[in-house]
$ cat entry-v3.cif   # mmCIF, C-alpha atoms
data_query
#
loop_
_atom_site.label_atom_id
_atom_site.label_comp_id
_atom_site.auth_asym_id
_atom_site.auth_seq_id
_atom_site.Cartn_x
_atom_site.Cartn_y
_atom_site.Cartn_z
CA SER A 193 34.15 24.34 -1.43
CA GLN A 194 33.35 25.57 2.06
CA LYS A 195 29.63 25.68 2.70
CA ILE A 196 27.08 26.62 5.31
CA GLU A 197 23.69 25.03 4.69
CA GLN A 198 20.43 25.84 6.37
CA ASN A 199 18.26 22.98 5.29
CA SER A 200 14.87 24.49 5.91
CA GLU A 201 13.97 27.37 3.66
CA ALA A 202 10.86 28.04 5.73
CA LEU A 203 9.47 26.91 9.07
CA ASN A 204 5.95 27.52 10.39
CA ILE A 205 5.11 26.85 14.00
CA GLN A 206 2.41 27.66 16.56
CA GLU A 207 2.93 30.46 19.06
CA GLY A 208 4.31 29.19 22.35
CA LYS A 209 6.16 26.23 20.82
CA THR A 210 9.93 25.93 20.50
CA ALA A 211 11.38 26.73 17.08
CA THR A 212 14.49 24.76 16.14
CA LEU A 213 16.59 25.83 13.17
CA THR A 214 19.47 23.81 11.74
CA CYS A 215 22.82 24.90 10.30
CA ASN A 216 25.29 22.43 8.80
CA TYR A 217 28.81 23.17 7.60
CA THR A 218 30.91 21.23 5.09
CA ASN A 219 34.52 21.21 3.88
CA TYR A 220 35.84 23.34 6.72
CA SER A 221 35.87 23.73 10.46
CA PRO A 222 34.67 27.17 11.55
CA ALA A 223 36.15 28.49 14.75
CA TYR A 224 32.92 30.40 15.46
CA LEU A 225 29.33 30.17 14.37
CA GLN A 226 26.99 33.12 14.57
CA TRP A 227 23.25 33.53 14.25
CA TYR A 228 21.59 36.67 12.90
CA ARG A 229 18.01 37.83 12.52
CA GLN A 230 16.96 39.67 9.36
CA ASP A 231 13.66 41.44 8.86
CA PRO A 232 12.41 42.32 5.35
CA GLY A 233 14.30 45.26 3.87
CA ARG A 234 16.69 45.53 6.82
CA GLY A 235 20.25 44.52 7.54
CA PRO A 236 20.94 41.42 9.64
CA VAL A 237 21.11 41.87 13.41
CA PHE A 238 23.47 39.81 15.54
CA LEU A 239 21.91 37.39 18.03
CA LEU A 240 24.46 34.88 19.33
CA LEU A 241 27.99 33.63 18.75
CA ILE A 242 29.27 30.21 19.81
CA ARG A 243 32.89 29.03 19.69
CA GLU A 244 33.94 25.56 18.58
CA ASN A 245 34.98 24.64 22.13
CA GLU A 246 31.57 25.60 23.52
CA LYS A 247 28.70 23.12 23.48
CA GLU A 248 25.86 25.53 24.22
CA LYS A 249 25.12 29.25 24.63
CA ARG A 250 21.96 30.90 25.93
CA LYS A 251 20.51 34.39 25.82
CA GLU A 252 17.02 34.91 27.20
CA ARG A 253 14.70 32.70 25.08
CA LEU A 254 17.47 31.82 22.62
CA LYS A 255 19.78 28.83 22.76
CA VAL A 256 22.44 27.75 20.29
CA THR A 257 24.48 24.54 20.21
CA PHE A 258 27.65 23.60 18.35
CA ASP A 259 28.32 19.93 17.57
CA THR A 260 31.71 19.49 15.87
CA THR A 261 31.11 15.76 15.39
CA LEU A 262 27.89 16.28 13.46
CA LYS A 263 29.24 19.53 11.93
CA GLN A 264 26.05 21.22 12.97
CA SER A 265 24.62 24.08 14.98
CA LEU A 266 21.07 24.18 16.27
CA PHE A 267 19.30 27.44 17.10
CA HIS A 268 16.29 27.30 19.42
CA ILE A 269 13.69 29.93 20.27
CA THR A 270 11.59 28.85 23.22
CA ALA A 271 8.09 30.17 23.95
CA SER A 272 7.97 31.56 20.42
CA GLN A 273 5.94 34.69 19.66
CA PRO A 274 4.61 36.18 16.41
CA ALA A 275 7.25 38.94 16.85
CA ASP A 276 9.93 36.27 16.38
CA SER A 277 8.83 35.85 12.75
CA ALA A 278 11.83 36.75 10.58
CA THR A 279 14.60 35.17 8.53
CA TYR A 280 17.41 33.68 10.60
CA LEU A 281 20.91 33.42 9.17
CA CYS A 282 23.76 31.18 10.25
CA ALA A 283 27.35 32.30 9.58
CA GLY A 284 30.68 30.54 10.05
CA HIS A 285 34.08 32.14 10.44
CA SER A 286 36.91 30.32 8.73
CA SER A 287 39.15 33.15 9.97
CA ALA A 288 38.62 36.44 11.81
CA SER A 289 37.67 38.09 8.55
CA LYS A 290 36.47 35.40 6.11
CA ILE A 291 32.83 34.60 6.77
CA ILE A 292 30.39 32.28 5.04
CA PHE A 293 26.63 32.70 5.45
CA GLY A 294 23.87 30.20 4.94
CA SER A 295 20.89 31.16 2.78
CA GLY A 296 18.64 31.55 5.81
CA THR A 297 15.47 30.04 7.25
CA ARG A 298 12.27 32.06 7.13
CA LEU A 299 10.45 31.49 10.41
CA SER A 300 6.74 32.20 10.76
CA ILE A 301 5.02 32.01 14.14
CA ARG A 302 1.23 31.82 13.89
CA PRO A 303 -0.94 33.03 16.76
CA GLU B 70 24.71 55.76 18.55
CA ALA B 71 26.81 52.90 17.18
CA GLN B 72 26.00 52.50 13.52
CA VAL B 73 27.07 51.61 10.01
CA THR B 74 25.80 53.94 7.29
CA GLN B 75 25.60 53.29 3.57
CA ASN B 76 24.85 55.62 0.70
CA PRO B 77 22.95 55.62 -1.50
CA ARG B 78 20.16 53.36 -0.25
CA TYR B 79 18.76 52.88 -3.74
CA LEU B 80 20.50 53.23 -7.08
CA ILE B 81 19.43 52.56 -10.63
CA THR B 82 22.17 52.85 -13.22
CA VAL B 83 23.13 51.70 -16.68
CA THR B 84 25.69 49.15 -17.79
CA GLY B 85 29.23 50.49 -17.79
CA LYS B 86 28.69 53.65 -15.74
CA LYS B 87 31.15 53.67 -12.85
CA LEU B 88 29.64 53.98 -9.39
CA THR B 89 30.70 54.04 -5.75
CA VAL B 90 28.70 52.93 -2.74
CA THR B 91 29.99 54.45 0.48
CA CYS B 92 30.15 52.76 3.87
CA SER B 93 31.09 54.37 7.15
CA GLN B 94 31.19 53.10 10.75
CA ASN B 95 31.57 55.06 13.97
CA MET B 96 32.69 52.26 16.28
CA ASN B 97 36.44 52.24 15.53
CA HIS B 98 36.14 48.65 14.27
CA GLU B 99 39.20 47.22 12.57
CA TYR B 100 37.27 44.79 10.34
CA MET B 101 34.89 45.77 7.57
CA SER B 102 33.26 43.78 4.79
CA TRP B 103 30.95 44.06 1.80
CA TYR B 104 28.30 41.45 1.03
CA ARG B 105 25.76 40.98 -1.69
CA GLN B 106 22.46 39.26 -1.01
CA ASP B 107 20.54 37.47 -3.75
CA PRO B 108 17.40 35.34 -3.42
CA GLY B 109 18.23 31.74 -2.58
CA LEU B 110 21.96 32.47 -2.31
CA GLY B 111 22.11 34.28 1.00
CA LEU B 112 24.83 36.75 1.86
CA ARG B 113 28.07 36.33 -0.06
CA GLN B 114 31.25 38.11 0.94
CA ILE B 115 32.70 40.35 -1.79
CA TYR B 116 35.73 41.92 -0.08
CA TYR B 117 36.85 42.41 3.46
CA SER B 118 39.40 44.56 5.25
CA MET B 119 41.35 43.79 8.37
CA ASN B 120 42.54 47.35 8.88
CA VAL B 121 43.63 50.48 7.03
CA GLU B 122 45.26 49.61 3.71
CA VAL B 123 44.70 45.86 4.27
CA THR B 124 42.01 44.26 2.11
CA ASP B 125 41.37 40.82 0.65
CA LYS B 126 38.96 39.05 -1.66
CA GLY B 127 35.92 37.23 -0.45
CA ASP B 128 33.98 34.64 -2.41
CA VAL B 129 32.63 36.88 -5.20
CA PRO B 130 35.12 39.72 -5.87
CA GLU B 131 34.90 39.83 -9.68
CA GLY B 132 33.79 43.22 -10.98
CA TYR B 133 34.31 45.03 -7.66
CA LYS B 134 37.05 47.12 -6.07
CA VAL B 135 37.47 48.43 -2.55
CA SER B 136 39.81 50.71 -0.67
CA ARG B 137 40.44 51.38 3.02
CA LYS B 138 42.29 54.66 3.36
CA GLU B 139 40.69 55.54 6.69
CA LYS B 140 39.56 53.20 9.44
CA ARG B 141 35.93 54.38 9.38
CA ASN B 142 35.32 54.22 5.60
CA PHE B 143 35.19 51.28 3.20
CA PRO B 144 33.76 52.25 -0.21
CA LEU B 145 32.70 49.68 -2.79
CA ILE B 146 33.52 50.60 -6.38
CA LEU B 147 31.97 49.12 -9.49
CA GLU B 148 34.17 50.30 -12.37
CA SER B 149 31.91 48.96 -15.13
CA PRO B 150 28.64 47.66 -13.67
CA SER B 151 26.80 44.87 -15.45
CA PRO B 152 23.21 43.58 -15.02
CA ASN B 153 24.45 40.54 -13.04
CA GLN B 154 25.56 42.96 -10.31
CA THR B 155 21.95 43.90 -9.67
CA SER B 156 21.59 42.95 -6.02
CA LEU B 157 21.14 44.09 -2.43
CA TYR B 158 24.46 45.14 -0.91
CA PHE B 159 25.35 45.27 2.76
CA CYS B 160 28.36 46.70 4.51
CA ALA B 161 29.36 45.36 7.93
CA SER B 162 31.97 46.07 10.57
CA TRP B 163 33.24 44.25 13.63
CA THR B 164 36.03 43.98 16.11
CA SER B 165 38.17 40.98 16.98
CA MET B 166 37.06 41.40 20.60
CA SER B 167 33.57 40.05 19.85
CA TYR B 168 33.20 39.23 16.13
CA GLU B 169 29.65 40.59 16.33
CA GLN B 170 28.98 42.13 12.95
CA TYR B 171 27.10 45.40 12.69
CA PHE B 172 25.35 45.76 9.34
CA GLY B 173 24.36 48.84 7.43
CA PRO B 174 20.79 49.31 6.14
CA GLY B 175 21.63 48.03 2.66
CA THR B 176 21.90 49.48 -0.84
CA ARG B 177 19.57 48.17 -3.51
CA LEU B 178 21.37 48.42 -6.85
CA THR B 179 19.74 47.89 -10.23
CA VAL B 180 21.90 47.83 -13.35
CA THR B 181 20.00 48.02 -16.64
#
$ encode --input "entry-v3.cif" --output "structure tokens"
Amino acid sequence: SQKIEQNSEALNIQEGKTATLTCNYTNYSPAYLQWYRQDPGRGPVFLLLIRENEKEKRKERLKVTFDTTLKQSLFHITASQPADSATYLCAGHSSASKIIFGSGTRLSIRP
Amino acid sequence: EAQVTQNPRYLITVTGKKLTVTCSQNMNHEYMSWYRQDPGLGLRQIYYSMNVEVTDKGDVPEGYKVSRKEKRNFPLILESPSPNQTSLYFCASWTSMSYEQYFGPGTRLTVT
């Protein structure tokens, strides 16, 4: 079956370092990958979308890559801050309307 | 303000008692979807809609119904809820121009 896997359930890093989160997909080829941030008790909030023909996308301190050979997307937060602590979700579109989410990575940034 | 609203936010009910969770968006988005979120399983798509009167099953549609009679509304219906439908439910909407999903605040449902 089609799957999105976020291998790290939790990631703890020191403030100021770069956080790198991994998303792997299997048994399909998503045309888009998206990254969302979710805070406890809240709905996910969109961060970035990258298309399969794009290698890299940036937005302020965020960077996402899409490697169709490795079937993987990496999500980076540079100069991380305690306010970046949240759960980050990866999602792949197999069509405009069918979307598969990973189970998320809980990121903790310690001061 | 662009938003997706859901009601109720919290609901405790008993097995077999029909319920409806409402979802409304004010952005004129053509796509809408319902998800359930369970610990360790992430968000799983229940149903989605591509436009008025056009809906399709997601990965976990069993025990749920939806309808899309108006573009802004996409209610989720549980005809005979069971305890395994206890979960956190999210509604989302988006447009094909950006695919950026806007999520509602969530509905926490407990079925006893």
$ resolve_selection --input "entry-v3.cif" --expression "the PyMOL selection byres ((chain B) within 12 of (chain A))" --output "PyMOL selection string"
chain B and resi 72-75+78-79+99-120+123-129+157-177
$ write_last_selection --input "entry-v3.cif" --atoms "C-alpha atoms" --output "PDB file, in the coordinates of the input"
ATOM      1  CA  GLN B  72      26.000  52.500  13.520  1.00  0.00           C
ATOM      2  CA  VAL B  73      27.070  51.610  10.010  1.00  0.00           C
ATOM      3  CA  THR B  74      25.800  53.940   7.290  1.00  0.00           C
ATOM      4  CA  GLN B  75      25.600  53.290   3.570  1.00  0.00           C
ATOM      5  CA  ARG B  78      20.160  53.360  -0.250  1.00  0.00           C
ATOM      6  CA  TYR B  79      18.760  52.880  -3.740  1.00  0.00           C
ATOM      7  CA  GLU B  99      39.200  47.220  12.570  1.00  0.00           C
ATOM      8  CA  TYR B 100      37.270  44.790  10.340  1.00  0.00           C
ATOM      9  CA  MET B 101      34.890  45.770   7.570  1.00  0.00           C
ATOM     10  CA  SER B 102      33.260  43.780   4.790  1.00  0.00           C
ATOM     11  CA  TRP B 103      30.950  44.060   1.800  1.00  0.00           C
ATOM     12  CA  TYR B 104      28.300  41.450   1.030  1.00  0.00           C
ATOM     13  CA  ARG B 105      25.760  40.980  -1.690  1.00  0.00           C
ATOM     14  CA  GLN B 106      22.460  39.260  -1.010  1.00  0.00           C
ATOM     15  CA  ASP B 107      20.540  37.470  -3.750  1.00  0.00           C
ATOM     16  CA  PRO B 108      17.400  35.340  -3.420  1.00  0.00           C
ATOM     17  CA  GLY B 109      18.230  31.740  -2.580  1.00  0.00           C
ATOM     18  CA  LEU B 110      21.960  32.470  -2.310  1.00  0.00           C
ATOM     19  CA  GLY B 111      22.110  34.280   1.000  1.00  0.00           C
ATOM     20  CA  LEU B 112      24.830  36.750   1.860  1.00  0.00           C
ATOM     21  CA  ARG B 113      28.070  36.330  -0.060  1.00  0.00           C
ATOM     22  CA  GLN B 114      31.250  38.110   0.940  1.00  0.00           C
ATOM     23  CA  ILE B 115      32.700  40.350  -1.790  1.00  0.00           C
ATOM     24  CA  TYR B 116      35.730  41.920  -0.080  1.00  0.00           C
ATOM     25  CA  TYR B 117      36.850  42.410   3.460  1.00  0.00           C
ATOM     26  CA  SER B 118      39.400  44.560   5.250  1.00  0.00           C
ATOM     27  CA  MET B 119      41.350  43.790   8.370  1.00  0.00           C
ATOM     28  CA  ASN B 120      42.540  47.350   8.880  1.00  0.00           C
ATOM     29  CA  VAL B 123      44.700  45.860   4.270  1.00  0.00           C
ATOM     30  CA  THR B 124      42.010  44.260   2.110  1.00  0.00           C
ATOM     31  CA  ASP B 125      41.370  40.820   0.650  1.00  0.00           C
ATOM     32  CA  LYS B 126      38.960  39.050  -1.660  1.00  0.00           C
ATOM     33  CA  GLY B 127      35.920  37.230  -0.450  1.00  0.00           C
ATOM     34  CA  ASP B 128      33.980  34.640  -2.410  1.00  0.00           C
ATOM     35  CA  VAL B 129      32.630  36.880  -5.200  1.00  0.00           C
ATOM     36  CA  LEU B 157      21.140  44.090  -2.430  1.00  0.00           C
ATOM     37  CA  TYR B 158      24.460  45.140  -0.910  1.00  0.00           C
ATOM     38  CA  PHE B 159      25.350  45.270   2.760  1.00  0.00           C
ATOM     39  CA  CYS B 160      28.360  46.700   4.510  1.00  0.00           C
ATOM     40  CA  ALA B 161      29.360  45.360   7.930  1.00  0.00           C
ATOM     41  CA  SER B 162      31.970  46.070  10.570  1.00  0.00           C
ATOM     42  CA  TRP B 163      33.240  44.250  13.630  1.00  0.00           C
ATOM     43  CA  THR B 164      36.030  43.980  16.110  1.00  0.00           C
ATOM     44  CA  SER B 165      38.170  40.980  16.980  1.00  0.00           C
ATOM     45  CA  MET B 166      37.060  41.400  20.600  1.00  0.00           C
ATOM     46  CA  SER B 167      33.570  40.050  19.850  1.00  0.00           C
ATOM     47  CA  TYR B 168      33.200  39.230  16.130  1.00  0.00           C
ATOM     48  CA  GLU B 169      29.650  40.590  16.330  1.00  0.00           C
ATOM     49  CA  GLN B 170      28.980  42.130  12.950  1.00  0.00           C
ATOM     50  CA  TYR B 171      27.100  45.400  12.690  1.00  0.00           C
ATOM     51  CA  PHE B 172      25.350  45.760   9.340  1.00  0.00           C
ATOM     52  CA  GLY B 173      24.360  48.840   7.430  1.00  0.00           C
ATOM     53  CA  PRO B 174      20.790  49.310   6.140  1.00  0.00           C
ATOM     54  CA  GLY B 175      21.630  48.030   2.660  1.00  0.00           C
ATOM     55  CA  THR B 176      21.900  49.480  -0.840  1.00  0.00           C
ATOM     56  CA  ARG B 177      19.570  48.170  -3.510  1.00  0.00           C
TER      57      ARG B 177
END
$ residues_around --input "entry-v3.cif" --residues "Lys263 (chain A)" --least-positions-apart "4" --cutoff "10 Å" --atoms "all atoms listed in the file" --output "PDB file with C-alpha atoms, in the coordinates of the input"
ATOM      1  CA  ILE A 196      27.080  26.620   5.310  1.00  0.00           C
ATOM      2  CA  CYS A 215      22.820  24.900  10.300  1.00  0.00           C
ATOM      3  CA  ASN A 216      25.290  22.430   8.800  1.00  0.00           C
ATOM      4  CA  TYR A 217      28.810  23.170   7.600  1.00  0.00           C
ATOM      5  CA  THR A 218      30.910  21.230   5.090  1.00  0.00           C
ATOM      6  CA  ASN A 219      34.520  21.210   3.880  1.00  0.00           C
ATOM      7  CA  TYR A 220      35.840  23.340   6.720  1.00  0.00           C
ATOM      8  CA  SER A 221      35.870  23.730  10.460  1.00  0.00           C
ATOM      9  CA  PRO A 222      34.670  27.170  11.550  1.00  0.00           C
ATOM     10  CA  PHE A 258      27.650  23.600  18.350  1.00  0.00           C
ATOM     11  CA  ASP A 259      28.320  19.930  17.570  1.00  0.00           C
TER      12      ASP A 259
END
$ residues_around --input "entry-v3.cif" --residues "Thr155 (chain B)" --least-positions-apart "4" --cutoff "6 Å" --atoms "all atoms listed in the file" --output "PDB file with C-alpha atoms, in the coordinates of the input"
ATOM      1  CA  LEU B 178      21.370  48.420  -6.850  1.00  0.00           C
ATOM      2  CA  THR B 179      19.740  47.890 -10.230  1.00  0.00           C
ATOM      3  CA  VAL B 180      21.900  47.830 -13.350  1.00  0.00           C
TER       4      VAL B 180
END
$ resolve_selection --input "entry-v3.cif" --expression "the PyMOL selection byres ((chain A and resi 278) around 9)" --output "number ranges by chain"
A: 229-232, 275-277, 279-280, 297-300
$ write_last_selection --input "entry-v3.cif" --atoms "C-alpha atoms" --output "PDB file, keeping the file's coordinate frame"
ATOM      1  CA  ARG A 229      18.010  37.830  12.520  1.00  0.00           C
ATOM      2  CA  GLN A 230      16.960  39.670   9.360  1.00  0.00           C
ATOM      3  CA  ASP A 231      13.660  41.440   8.860  1.00  0.00           C
ATOM      4  CA  PRO A 232      12.410  42.320   5.350  1.00  0.00           C
ATOM      5  CA  ALA A 275       7.250  38.940  16.850  1.00  0.00           C
ATOM      6  CA  ASP A 276       9.930  36.270  16.380  1.00  0.00           C
ATOM      7  CA  SER A 277       8.830  35.850  12.750  1.00  0.00           C
ATOM      8  CA  THR A 279      14.600  35.170   8.530  1.00  0.00           C
ATOM      9  CA  TYR A 280      17.410  33.680  10.600  1.00  0.00           C
ATOM     10  CA  THR A 297      15.470  30.040   7.250  1.00  0.00           C
ATOM     11  CA  ARG A 298      12.270  32.060   7.130  1.00  0.00           C
ATOM     12  CA  LEU A 299      10.450  31.490  10.410  1.00  0.00           C
ATOM     13  CA  SER A 300       6.740  32.200  10.760  1.00  0.00           C
TER      14      SER A 300
END
$ resolve_selection --input "entry-v3.cif" --expression "the PyMOL selection byres ((chain B and resi 146) around 6)" --output "list in words"
Leu88, Thr89, Tyr133, Lys134, Val135, Leu145 and Leu147 of chain B
$ residues_around --input "entry-v3.cif" --residues "Glu139 (chain B)" --least-positions-apart "3" --cutoff "8 Å" --atoms "only C-alpha atoms" --output "PyMOL selection string"
chain B and resi 121+142-143
$ atom_distance --input "entry-v3.cif" --atom1 "CA of Ser149 (chain B)" --atom2 "CA of Asn76 (chain B)"
18.6 Å
$ atom_distance --input "entry-v3.cif" --atom1 "CA of Gln154 (chain B)" --atom2 "CA of Asn95 (chain B)"
27.8 Å
$ decode --input "entry-v3.cif" --residues "region 272-289 of chain A" --atoms "N, CA and C atoms" --output "mmCIF file, in the first residue's frame"
data_model
loop_
_atom_site.group_PDB
_atom_site.id
_atom_site.type_symbol
_atom_site.label_atom_id
_atom_site.label_comp_id
_atom_site.auth_asym_id
_atom_site.auth_seq_id
_atom_site.Cartn_x
_atom_site.Cartn_y
_atom_site.Cartn_z
ATOM 1 N N SER A 272 17.513 27.081 14.736
ATOM 2 C CA SER A 272 16.293 26.682 15.429
ATOM 3 C C SER A 272 16.101 27.434 16.749
ATOM 4 N N GLN A 273 14.831 27.616 17.106
ATOM 5 C CA GLN A 273 14.461 28.344 18.324
ATOM 6 C C GLN A 273 13.470 27.493 19.117
ATOM 7 N N PRO A 274 13.407 27.706 20.438
ATOM 8 C CA PRO A 274 12.422 26.949 21.230
ATOM 9 C C PRO A 274 10.998 27.063 20.667
ATOM 10 N N ALA A 275 10.664 28.200 20.038
ATOM 11 C CA ALA A 275 9.325 28.380 19.461
ATOM 12 C C ALA A 275 9.072 27.467 18.267
ATOM 13 N N ASP A 276 10.122 26.851 17.746
ATOM 14 C CA ASP A 276 9.951 25.899 16.643
ATOM 15 C C ASP A 276 9.520 24.521 17.141
ATOM 16 N N SER A 277 9.503 24.328 18.445
ATOM 17 C CA SER A 277 9.100 23.037 19.015
ATOM 18 C C SER A 277 7.640 22.762 18.672
ATOM 19 N N ALA A 278 7.403 21.627 18.021
ATOM 20 C CA ALA A 278 6.063 21.252 17.559
ATOM 21 C C ALA A 278 6.183 19.890 16.893
ATOM 22 N N THR A 279 5.064 19.367 16.427
ATOM 23 C CA THR A 279 5.087 18.162 15.602
ATOM 24 C C THR A 279 5.011 18.585 14.141
ATOM 25 N N TYR A 280 5.860 17.982 13.320
ATOM 26 C CA TYR A 280 5.911 18.322 11.900
ATOM 27 C C TYR A 280 5.444 17.123 11.092
ATOM 28 N N LEU A 281 4.513 17.392 10.197
ATOM 29 C CA LEU A 281 3.878 16.343 9.396
ATOM 30 C C LEU A 281 4.267 16.480 7.934
ATOM 31 N N CYS A 282 4.546 15.350 7.320
ATOM 32 C CA CYS A 282 4.810 15.284 5.884
ATOM 33 C C CYS A 282 3.575 14.687 5.216
ATOM 34 N N ALA A 283 3.198 15.204 4.056
ATOM 35 C CA ALA A 283 2.025 14.691 3.330
ATOM 36 C C ALA A 283 2.340 14.604 1.851
ATOM 37 N N GLY A 284 1.877 13.529 1.225
ATOM 38 C CA GLY A 284 2.090 13.341 -0.211
ATOM 39 C C GLY A 284 0.773 13.257 -0.947
ATOM 40 N N HIS A 285 0.707 13.964 -2.073
ATOM 41 C CA HIS A 285 -0.483 13.901 -2.923
ATOM 42 C C HIS A 285 -0.281 12.826 -3.972
ATOM 43 N N SER A 286 -1.179 11.830 -4.008
ATOM 44 C CA SER A 286 -1.149 10.904 -5.133
ATOM 45 C C SER A 286 -2.056 11.434 -6.246
ATOM 46 N N SER A 287 -2.950 12.362 -5.901
ATOM 47 C CA SER A 287 -3.757 13.087 -6.873
ATOM 48 C C SER A 287 -4.080 14.428 -6.229
ATOM 49 N N ALA A 288 -4.871 15.261 -6.908
ATOM 50 C CA ALA A 288 -5.188 16.573 -6.332
ATOM 51 C C ALA A 288 -5.940 16.430 -5.027
ATOM 52 N N SER A 289 -6.661 15.297 -4.873
ATOM 53 C CA SER A 289 -7.531 15.192 -3.712
ATOM 54 C C SER A 289 -7.178 14.056 -2.765
#
